[in-house]
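The next block is input_28.pdb, given as PDB, C-alpha atoms, pLDDT in the B column.
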MODEL        1
ATOM      1  CA  MET A   1      83.065  99.255  96.537  1.00 83.00           C
ATOM      2  CA  ASN A   2      82.719  95.528  95.913  1.00 92.00           C
ATOM      3  CA  PRO A   3      85.948  93.763  96.993  1.00 94.00           C
ATOM      4  CA  ASP A   4      85.995  91.509  93.920  1.00 96.00           C
ATOM      5  CA  ARG A   5      85.740  94.561  91.697  1.00 96.00           C
ATOM      6  CA  VAL A   6      88.662  96.226  93.490  1.00 97.00           C
ATOM      7  CA  LEU A   7      90.796  93.086  93.220  1.00 98.00           C
ATOM      8  CA  GLU A   8      90.026  92.799  89.525  1.00 98.00           C
ATOM      9  CA  ALA A   9      90.959  96.443  88.953  1.00 98.00           C
ATOM     10  CA  PHE A  10      94.220  95.969  90.853  1.00 98.00           C
ATOM     11  CA  ARG A  11      95.128  92.826  88.927  1.00 98.00           C
ATOM     12  CA  ARG A  12      94.303  94.220  85.506  1.00 98.00           C
ATOM     13  CA  GLU A  13      95.969  97.610  85.997  1.00 98.00           C
ATOM     14  CA  SER A  14      99.092  96.087  87.519  1.00 98.00           C
ATOM     15  CA  GLY A  15      99.253  93.608  84.665  1.00 98.00           C
ATOM     16  CA  ALA A  16      98.989  96.422  82.131  1.00 98.00           C
ATOM     17  CA  LEU A  17     101.831  98.242  83.869  1.00 98.00           C
ATOM     18  CA  THR A  18     103.956  95.083  83.725  1.00 98.00           C
ATOM     19  CA  VAL A  19     103.454  94.922  79.962  1.00 98.00           C
ATOM     20  CA  ALA A  20     104.320  98.619  79.626  1.00 98.00           C
ATOM     21  CA  VAL A  21     107.642  98.441  81.482  1.00 98.00           C
ATOM     22  CA  THR A  22     108.823  95.092  80.135  1.00 97.00           C
ATOM     23  CA  GLY A  23     111.470  95.649  77.501  1.00 96.00           C
ATOM     24  CA  LEU A  24     112.238  99.298  78.300  1.00 97.00           C
ATOM     25  CA  SER A  25     115.748 100.391  77.407  1.00 97.00           C
ATOM     26  CA  GLU A  26     118.114 101.619  80.113  1.00 94.00           C
ATOM     27  CA  ALA A  27     117.775 105.113  78.608  1.00 97.00           C
ATOM     28  CA  GLU A  28     113.985 104.943  79.031  1.00 98.00           C
ATOM     29  CA  TRP A  29     114.332 103.860  82.657  1.00 97.00           C
ATOM     30  CA  SER A  30     116.322 107.053  83.269  1.00 97.00           C
ATOM     31  CA  LEU A  31     113.807 109.475  81.715  1.00 98.00           C
ATOM     32  CA  PRO A  32     112.457 112.195  84.042  1.00 98.00           C
ATOM     33  CA  THR A  33     108.816 112.157  85.142  1.00 98.00           C
ATOM     34  CA  ARG A  34     106.489 114.915  86.303  1.00 96.00           C
ATOM     35  CA  CYS A  35     106.899 113.498  89.813  1.00 95.00           C
ATOM     36  CA  THR A  36     110.129 115.353  90.530  1.00 94.00           C
ATOM     37  CA  PRO A  37     112.799 114.206  91.339  1.00 96.00           C
ATOM     38  CA  TRP A  38     111.825 110.712  90.241  1.00 97.00           C
ATOM     39  CA  THR A  39     112.899 109.083  87.019  1.00 97.00           C
ATOM     40  CA  VAL A  40     110.829 106.354  85.381  1.00 98.00           C
ATOM     41  CA  ARG A  41     112.784 103.827  87.425  1.00 97.00           C
ATOM     42  CA  ASP A  42     112.263 105.757  90.672  1.00 97.00           C
ATOM     43  CA  LEU A  43     108.549 106.146  90.057  1.00 98.00           C
ATOM     44  CA  LEU A  44     108.131 102.417  89.533  1.00 98.00           C
ATOM     45  CA  GLY A  45     110.114 102.017  92.746  1.00 97.00           C
ATOM     46  CA  HIS A  46     107.469 104.121  94.503  1.00 97.00           C
ATOM     47  CA  VAL A  47     104.684 101.958  93.072  1.00 98.00           C
ATOM     48  CA  CYS A  48     106.515  98.843  94.322  1.00 97.00           C
ATOM     49  CA  VAL A  49     106.897 100.356  97.802  1.00 97.00           C
ATOM     50  CA  VAL A  50     103.242 101.315  98.199  1.00 96.00           C
ATOM     51  CA  ILE A  51     102.032  97.915  97.013  1.00 98.00           C
ATOM     52  CA  ASP A  52     104.528  96.066  99.168  1.00 97.00           C
ATOM     53  CA  TRP A  53     103.093  97.545 102.387  1.00 97.00           C
ATOM     54  CA  LEU A  54     100.336  94.948 102.165  1.00 98.00           C
ATOM     55  CA  PRO A  55     102.058  91.667 103.143  1.00 98.00           C
ATOM     56  CA  SER A  56     103.155  93.003 106.540  1.00 97.00           C
ATOM     57  CA  MET A  57      99.729  94.603 107.043  1.00 97.00           C
ATOM     58  CA  LEU A  58      98.099  91.221 106.461  1.00 97.00           C
ATOM     59  CA  ASP A  59     100.563  89.527 108.812  1.00 97.00           C
ATOM     60  CA  ALA A  60      99.624  91.937 111.620  1.00 96.00           C
ATOM     61  CA  LEU A  61      96.648  91.616 113.947  1.00 95.00           C
ATOM     62  CA  ALA A  62      93.547  93.052 112.279  1.00 96.00           C
ATOM     63  CA  PRO A  63      91.650  95.935 113.911  1.00 96.00           C
ATOM     64  CA  GLY A  64      88.204  95.104 115.229  1.00 92.00           C
ATOM     65  CA  GLU A  65      86.402  97.349 112.769  1.00 94.00           C
ATOM     66  CA  ALA A  66      87.124  99.763 109.940  1.00 96.00           C
ATOM     67  CA  ARG A  67      87.025 103.433 110.885  1.00 95.00           C
ATOM     68  CA  ILE A  68      88.401 105.082 107.747  1.00 94.00           C
ATOM     69  CA  SER A  69      87.083 104.785 104.179  1.00 94.00           C
ATOM     70  CA  ALA A  70      89.170 104.963 101.028  1.00 93.00           C
ATOM     71  CA  ALA A  71      88.103 108.589 100.516  1.00 89.00           C
ATOM     72  CA  GLN A  72      88.911 109.509 104.119  1.00 91.00           C
ATOM     73  CA  TYR A  73      92.358 107.962 103.739  1.00 91.00           C
ATOM     74  CA  TYR A  74      93.353 111.024 101.698  1.00 87.00           C
ATOM     75  CA  ARG A  75      92.608 113.547 104.432  1.00 81.00           C
ATOM     76  CA  PRO A  76      95.300 116.269 104.633  1.00 74.00           C
ATOM     77  CA  ASP A  77      97.482 115.513 107.654  1.00 72.00           C
ATOM     78  CA  ASP A  78     101.138 114.663 108.229  1.00 72.00           C
ATOM     79  CA  ARG A  79     101.030 111.990 105.532  1.00 70.00           C
ATOM     80  CA  PHE A  80     101.462 114.876 103.074  1.00 70.00           C
ATOM     81  CA  SER A  81     104.031 116.806 105.124  1.00 76.00           C
ATOM     82  CA  PRO A  82     107.468 117.690 103.707  1.00 81.00           C
ATOM     83  CA  GLN A  83     109.097 115.195 106.075  1.00 83.00           C
ATOM     84  CA  THR A  84     106.825 112.360 104.964  1.00 81.00           C
ATOM     85  CA  ASN A  85     107.305 113.313 101.332  1.00 84.00           C
ATOM     86  CA  ASN A  86     111.090 113.270 101.709  1.00 89.00           C
ATOM     87  CA  ALA A  87     110.886 109.804 103.233  1.00 90.00           C
ATOM     88  CA  ARG A  88     108.592 108.705 100.386  1.00 91.00           C
ATOM     89  CA  ILE A  89     111.117 109.939  97.823  1.00 93.00           C
ATOM     90  CA  ALA A  90     114.001 108.141  99.511  1.00 95.00           C
ATOM     91  CA  LEU A  91     112.117 104.861  99.884  1.00 95.00           C
ATOM     92  CA  ALA A  92     111.263 104.859  96.179  1.00 96.00           C
ATOM     93  CA  GLN A  93     114.816 105.625  95.115  1.00 95.00           C
ATOM     94  CA  ASN A  94     116.206 102.940  97.409  1.00 95.00           C
ATOM     95  CA  ARG A  95     113.789 100.354  96.035  1.00 94.00           C
ATOM     96  CA  ALA A  96     114.599 101.355  92.465  1.00 95.00           C
ATOM     97  CA  ALA A  97     118.322 101.003  93.115  1.00 93.00           C
ATOM     98  CA  GLU A  98     118.104  97.371  94.273  1.00 88.00           C
ATOM     99  CA  PRO A  99     117.698  95.477  90.958  1.00 85.00           C
ATOM    100  CA  ALA A 100     120.775  95.296  88.735  1.00 82.00           C
ATOM    101  CA  ASP A 101     119.017  96.345  85.542  1.00 93.00           C
ATOM    102  CA  GLY A 102     115.660  97.406  84.155  1.00 94.00           C
ATOM    103  CA  ALA A 103     114.628  93.937  83.044  1.00 94.00           C
ATOM    104  CA  THR A 104     115.204  92.593  86.556  1.00 95.00           C
ATOM    105  CA  PHE A 105     113.284  95.524  88.004  1.00 96.00           C
ATOM    106  CA  ALA A 106     110.284  94.838  85.765  1.00 96.00           C
ATOM    107  CA  GLU A 107     110.328  91.257  87.036  1.00 96.00           C
ATOM    108  CA  ASP A 108     110.561  92.519  90.629  1.00 96.00           C
ATOM    109  CA  PHE A 109     107.500  94.711  90.140  1.00 97.00           C
ATOM    110  CA  THR A 110     105.559  91.826  88.615  1.00 98.00           C
ATOM    111  CA  ALA A 111     106.442  89.475  91.465  1.00 97.00           C
ATOM    112  CA  THR A 112     105.513  92.164  94.004  1.00 98.00           C
ATOM    113  CA  TRP A 113     102.008  92.826  92.711  1.00 98.00           C
ATOM    114  CA  ARG A 114     101.271  89.157  92.014  1.00 98.00           C
ATOM    115  CA  ARG A 115     102.189  88.235  95.581  1.00 98.00           C
ATOM    116  CA  VAL A 116      99.885  90.939  96.933  1.00 98.00           C
ATOM    117  CA  ASP A 117      97.096  89.894  94.574  1.00 98.00           C
ATOM    118  CA  GLN A 118      97.376  86.289  95.773  1.00 98.00           C
ATOM    119  CA  LEU A 119      97.408  87.290  99.454  1.00 98.00           C
ATOM    120  CA  CYS A 120      94.399  89.584  99.096  1.00 98.00           C
ATOM    121  CA  ARG A 121      92.353  87.007  97.211  1.00 97.00           C
ATOM    122  CA  ALA A 122      92.732  84.627 100.156  1.00 97.00           C
ATOM    123  CA  GLN A 123      91.138  87.134 102.577  1.00 97.00           C
ATOM    124  CA  PRO A 124      87.439  87.416 103.480  1.00 96.00           C
ATOM    125  CA  ALA A 125      85.510  90.465 102.313  1.00 95.00           C
ATOM    126  CA  SER A 126      85.299  91.677 105.921  1.00 96.00           C
ATOM    127  CA  ARG A 127      89.089  91.687 106.428  1.00 97.00           C
ATOM    128  CA  THR A 128      90.402  94.845 108.060  1.00 98.00           C
ATOM    129  CA  VAL A 129      93.961  96.174 108.241  1.00 98.00           C
ATOM    130  CA  TRP A 130      96.006  98.813 110.010  1.00 97.00           C
ATOM    131  CA  THR A 131      97.798 101.214 107.667  1.00 94.00           C
ATOM    132  CA  ARG A 132     101.193 102.663 108.501  1.00 89.00           C
ATOM    133  CA  HIS A 133      99.374 105.936 109.277  1.00 88.00           C
ATOM    134  CA  GLY A 134      97.323 104.204 111.985  1.00 91.00           C
ATOM    135  CA  ASP A 135      94.112 103.989 109.955  1.00 93.00           C
ATOM    136  CA  ALA A 136      91.801 101.029 110.543  1.00 97.00           C
ATOM    137  CA  MET A 137      90.394 100.197 107.096  1.00 97.00           C
ATOM    138  CA  LEU A 138      88.713  97.449 105.166  1.00 98.00           C
ATOM    139  CA  LEU A 139      91.326  95.655 103.114  1.00 98.00           C
ATOM    140  CA  SER A 140      89.283  96.353  99.978  1.00 97.00           C
ATOM    141  CA  ASP A 141      89.293 100.087 100.729  1.00 97.00           C
ATOM    142  CA  PHE A 142      93.041 100.161 101.255  1.00 97.00           C
ATOM    143  CA  LEU A 143      93.575  98.115  98.093  1.00 98.00           C
ATOM    144  CA  LEU A 144      91.475 100.682  96.239  1.00 97.00           C
ATOM    145  CA  THR A 145      94.016 103.325  97.243  1.00 96.00           C
ATOM    146  CA  ARG A 146      96.671 101.063  95.689  1.00 98.00           C
ATOM    147  CA  VAL A 147      94.636 100.972  92.473  1.00 98.00           C
ATOM    148  CA  VAL A 148      94.824 104.771  92.526  1.00 96.00           C
ATOM    149  CA  GLU A 149      98.615 104.585  92.841  1.00 96.00           C
ATOM    150  CA  VAL A 150      99.031 102.135  89.965  1.00 98.00           C
ATOM    151  CA  ALA A 151      96.537 103.911  87.695  1.00 97.00           C
ATOM    152  CA  VAL A 152      97.529 107.526  88.258  1.00 96.00           C
ATOM    153  CA  HIS A 153     101.264 106.860  88.258  1.00 97.00           C
ATOM    154  CA  GLY A 154     100.702 104.710  85.198  1.00 98.00           C
ATOM    155  CA  LEU A 155      99.588 107.912  83.463  1.00 97.00           C
ATOM    156  CA  ASP A 156     102.742 109.646  84.726  1.00 97.00           C
ATOM    157  CA  LEU A 157     104.886 106.831  83.346  1.00 98.00           C
ATOM    158  CA  ALA A 158     103.074 106.783  80.002  1.00 98.00           C
ATOM    159  CA  ASP A 159     103.586 110.521  79.619  1.00 97.00           C
ATOM    160  CA  ALA A 160     107.279 110.284  80.572  1.00 98.00           C
ATOM    161  CA  LEU A 161     107.814 107.503  78.034  1.00 98.00           C
ATOM    162  CA  GLY A 162     105.781 109.207  75.303  1.00 97.00           C
ATOM    163  CA  HIS A 163     103.346 106.275  75.178  1.00 97.00           C
ATOM    164  CA  GLU A 164      99.604 106.215  74.844  1.00 97.00           C
ATOM    165  CA  PRO A 165      98.019 105.637  78.289  1.00 97.00           C
ATOM    166  CA  TRP A 166      97.251 102.013  79.083  1.00 97.00           C
ATOM    167  CA  LEU A 167      94.656 102.778  81.778  1.00 97.00           C
ATOM    168  CA  THR A 168      92.312  99.786  82.007  1.00 98.00           C
ATOM    169  CA  SER A 169      88.558 100.284  82.097  1.00 95.00           C
ATOM    170  CA  SER A 170      88.208  98.525  85.448  1.00 96.00           C
ATOM    171  CA  ALA A 171      90.820 100.717  87.159  1.00 97.00           C
ATOM    172  CA  GLY A 172      89.555 103.859  85.435  1.00 94.00           C
ATOM    173  CA  ASP A 173      86.007 103.213  86.623  1.00 92.00           C
ATOM    174  CA  ALA A 174      87.131 102.405  90.174  1.00 94.00           C
ATOM    175  CA  VAL A 175      89.280 105.524  90.538  1.00 92.00           C
ATOM    176  CA  LEU A 176      86.624 107.717  88.948  1.00 89.00           C
ATOM    177  CA  GLU A 177      84.057 106.506  91.467  1.00 89.00           C
ATOM    178  CA  LEU A 178      86.448 107.103  94.346  1.00 90.00           C
ATOM    179  CA  LEU A 179      87.266 110.620  93.163  1.00 86.00           C
ATOM    180  CA  LEU A 180      83.660 111.634  92.571  1.00 84.00           C
ATOM    181  CA  GLY A 181      81.416 109.326  94.539  1.00 79.00           C
ATOM    182  CA  ALA A 182      79.015 106.969  92.773  1.00 75.00           C
ATOM    183  CA  GLU A 183      76.334 109.663  92.536  1.00 73.00           C
ATOM    184  CA  GLN A 184      78.501 111.976  90.385  1.00 76.00           C
ATOM    185  CA  THR A 185      79.922 109.585  87.833  1.00 79.00           C
ATOM    186  CA  ALA A 186      76.990 110.140  85.462  1.00 78.00           C
ATOM    187  CA  ALA A 187      77.575 113.902  85.593  1.00 77.00           C
ATOM    188  CA  ALA A 188      81.230 113.371  84.696  1.00 79.00           C
ATOM    189  CA  GLU A 189      80.229 111.593  81.483  1.00 83.00           C
ATOM    190  CA  LYS A 190      78.686 114.860  80.268  1.00 85.00           C
ATOM    191  CA  LEU A 191      82.156 116.399  80.103  1.00 88.00           C
ATOM    192  CA  GLY A 192      82.985 114.078  77.215  1.00 87.00           C
ATOM    193  CA  TRP A 193      86.516 113.400  78.453  1.00 89.00           C
ATOM    194  CA  SER A 194      88.332 110.115  78.171  1.00 92.00           C
ATOM    195  CA  LYS A 195      89.121 108.512  81.525  1.00 92.00           C
ATOM    196  CA  PRO A 196      92.866 109.258  81.231  1.00 94.00           C
ATOM    197  CA  ARG A 197      92.096 112.897  80.534  1.00 93.00           C
ATOM    198  CA  PHE A 198      89.615 113.048  83.403  1.00 90.00           C
ATOM    199  CA  LEU A 199      92.139 111.606  85.838  1.00 91.00           C
ATOM    200  CA  ARG A 200      94.787 114.048  84.662  1.00 92.00           C
ATOM    201  CA  LYS A 201      92.354 116.930  85.182  1.00 90.00           C
ATOM    202  CA  ALA A 202      91.038 115.650  88.513  1.00 87.00           C
ATOM    203  CA  THR A 203      94.531 115.161  89.958  1.00 88.00           C
ATOM    204  CA  GLY A 204      95.943 118.463  88.740  1.00 87.00           C
ATOM    205  CA  ARG A 205      98.201 116.875  86.133  1.00 91.00           C
ATOM    206  CA  GLU A 206      96.381 118.831  83.430  1.00 91.00           C
ATOM    207  CA  LEU A 207      94.977 122.241  84.307  1.00 91.00           C
ATOM    208  CA  LEU A 208      91.356 123.172  83.689  1.00 91.00           C
ATOM    209  CA  ASP A 209      90.796 126.119  81.384  1.00 91.00           C
ATOM    210  CA  ALA A 210      88.085 128.693  82.105  1.00 93.00           C
ATOM    211  CA  SER A 211      85.368 126.947  80.089  1.00 92.00           C
ATOM    212  CA  GLU A 212      86.147 123.569  81.636  1.00 91.00           C
ATOM    213  CA  THR A 213      86.080 125.066  85.122  1.00 90.00           C
ATOM    214  CA  ALA A 214      82.672 126.581  84.415  1.00 92.00           C
ATOM    215  CA  GLN A 215      81.348 123.291  83.038  1.00 89.00           C
ATOM    216  CA  VAL A 216      82.598 121.345  86.060  1.00 87.00           C
ATOM    217  CA  GLU A 217      80.979 123.843  88.424  1.00 87.00           C
ATOM    218  CA  GLN A 218      77.720 123.815  86.435  1.00 86.00           C
ATOM    219  CA  LEU A 219      77.573 120.033  86.708  1.00 83.00           C
ATOM    220  CA  GLY A 220      78.170 120.262  90.451  1.00 81.00           C
ATOM    221  CA  ILE A 221      81.223 118.018  90.284  1.00 80.00           C
ATOM    222  CA  ARG A 222      83.384 118.002  93.423  1.00 73.00           C
ATOM    223  CA  TRP A 223      86.222 115.550  93.208  1.00 71.00           C
ATOM    224  CA  LEU A 224      88.418 114.216  95.950  1.00 70.00           C
ATOM    225  CA  ALA A 225      91.816 115.826  96.480  1.00 66.00           C
ATOM    226  CA  LEU A 226      94.616 113.266  96.631  1.00 66.00           C
ATOM    227  CA  GLY A 227      96.996 115.371  98.668  1.00 54.00           C
TER     228      GLY A 227
ENDMDL
END
Let me see the structure of the file written as structure tokens.
Amino acid sequence: MNPDRVLEAFRRESGALTVAVTGLSEAEWSLPTRCTPWTVRDLLGHVCVVIDWLPSMLDALAPGEARISAAQYYRPDDRFSPQTNNARIALAQNRAAEPADGATFAEDFTATWRRVDQLCRAQPASRTVWTRHGDAMLLSDFLLTRVVEVAVHGLDLADALGHEPWLTSSAGDAVLELLLGAEQTAAAEKLGWSKPRFLRKATGRELLDASETAQVEQLGIRWLALG
């Protein structure tokens, strides 16, 4: 995927999330989400953590070449193990506990993604990085996985808060293409689903009924599993 397109999707979706969490009440920050055991505050903590991997990745020596694509990043290995998941939960909760109040936390999130956006925009299109899992990837491919995090967890946050989804068109298109591959995006349009609904269905957040399952199979749609 074009690096400029990925950067634009990251910037726009992160900006939309900033708007959504600015001004939340302390009661709203404590609402439960579908991502048990995280509250709204914890889930934003997770989004901060996964974005904030990037500065240290960019400070490190770059691998000679990329060996893993954005789609291959989601292969089922120990990154989805119970031990890794427990560590992921703790990291998010620790990050969420740092700011004194919700308003400060919203500012922390905004500063985090803006710093990453600025750092990434200064890199050449060929820039490669090592992930914490030992994957050698193009920076743009890894950033695309961060767009997935912001977009999909944005849906989780919207649902927890009882808000309409704020999914931006640029992020929705980017994640849809990652999930399906460019060759299947036209087939997906025949389902007639909005992008938020498609992402909920594709990530298991909303179950397919029998007729939807049959339609997906008839269209030959095979989407990427995110864990």
Problem set entry | Residue members of the PyMOL selection byres ((chain A and resi 184-187) around 10) in the file shown, as a ChimeraX atom specification | /A:173,176-183,188-192,216,218-223
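Picked out by the PyMOL selection byres ((chain A and resi 102) around 8) when it runs on this file: Leu24, Ser25, Glu26, Trp29, Arg41, Pro99, Ala100, Asp101, Ala103, Thr104, Phe105 and Ala106 of chain A.
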For this session: Specify as a PyMOL selection string each residue included when the PyMOL selection byres ((chain A and resi 110-122) around 10) is applied to this file.
Result: chain A and resi 3-4+7-8+10-11+14-15+17-19+21-22+47-49+51-55+58+104-109+123-125+127+139-140+143
For this session: Give me the residues within 12 Å of Gly172 of chain A as a PyMOL selection string, counting all atoms listed in the file and dropping any in the same chain fewer than 5 places off.
Result: chain A and resi 5-6+8-10+12-13+144+147-152+154-155+165-167+177-179+185+194-200
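Separating atom CA of Gly23 of chain A from atom CA of His46 of chain A is a distance of 19.4 Å.
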For this session: Between atom CA of Leu138 of chain A and atom CA of Ala71 of chain A, measure the distance and give it in Å to one decimal.
Result: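 We find that atom CA of Leu138 of chain A and atom CA of Ala71 of chain A lie 12.1 Å from each other.
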Please, can segment 106-122 of chain A be completed to N, CA and C atoms and returned as a tab-separated table (two decimals), in the coordinates of the input?
chain	number	residue	atom	x	y	z
A	106	ALA	N	111.63	95.15	86.26
A	106	ALA	CA	110.28	94.84	85.76
A	106	ALA	C	109.79	93.51	86.34
A	107	GLU	N	110.69	92.54	86.44
A	107	GLU	CA	110.33	91.26	87.04
A	107	GLU	C	110.02	91.41	88.53
A	108	ASP	N	110.78	92.26	89.20
A	108	ASP	CA	110.56	92.52	90.63
A	108	ASP	C	109.18	93.12	90.85
A	109	PHE	N	108.83	94.11	90.03
A	109	PHE	CA	107.50	94.71	90.14
A	109	PHE	C	106.41	93.67	89.94
A	110	THR	N	106.57	92.84	88.91
A	110	THR	CA	105.56	91.83	88.62
A	110	THR	C	105.40	90.85	89.77
A	111	ALA	N	106.51	90.40	90.33
A	111	ALA	CA	106.44	89.48	91.46
A	111	ALA	C	105.79	90.14	92.68
A	112	THR	N	106.07	91.43	92.86
A	112	THR	CA	105.51	92.16	94.00
A	112	THR	C	104.00	92.24	93.94
A	113	TRP	N	103.47	92.67	92.77
A	113	TRP	CA	102.01	92.83	92.71
A	113	TRP	C	101.30	91.47	92.66
A	114	ARG	N	101.91	90.48	92.06
A	114	ARG	CA	101.27	89.16	92.01
A	114	ARG	C	101.19	88.53	93.41
A	115	ARG	N	102.22	88.73	94.21
A	115	ARG	CA	102.19	88.24	95.58
A	115	ARG	C	101.06	88.89	96.36
A	116	VAL	N	100.94	90.21	96.22
A	116	VAL	CA	99.88	90.94	96.93
A	116	VAL	C	98.51	90.51	96.44
A	117	ASP	N	98.37	90.34	95.13
A	117	ASP	CA	97.10	89.89	94.57
A	117	ASP	C	96.70	88.54	95.16
A	118	GLN	N	97.66	87.62	95.23
A	118	GLN	CA	97.38	86.29	95.77
A	118	GLN	C	96.99	86.36	97.25
A	119	LEU	N	97.71	87.16	98.03
A	119	LEU	CA	97.41	87.29	99.45
A	119	LEU	C	96.02	87.89	99.68
A	120	CYS	N	95.69	88.90	98.91
A	120	CYS	CA	94.40	89.58	99.10
A	120	CYS	C	93.23	88.69	98.69
A	121	ARG	N	93.43	87.88	97.66
A	121	ARG	CA	92.35	87.01	97.21
A	121	ARG	C	92.03	85.92	98.24
A	122	ALA	N	92.96	85.65	99.13
A	122	ALA	CA	92.73	84.63	100.16
A	122	ALA	C	92.01	85.18	101.38
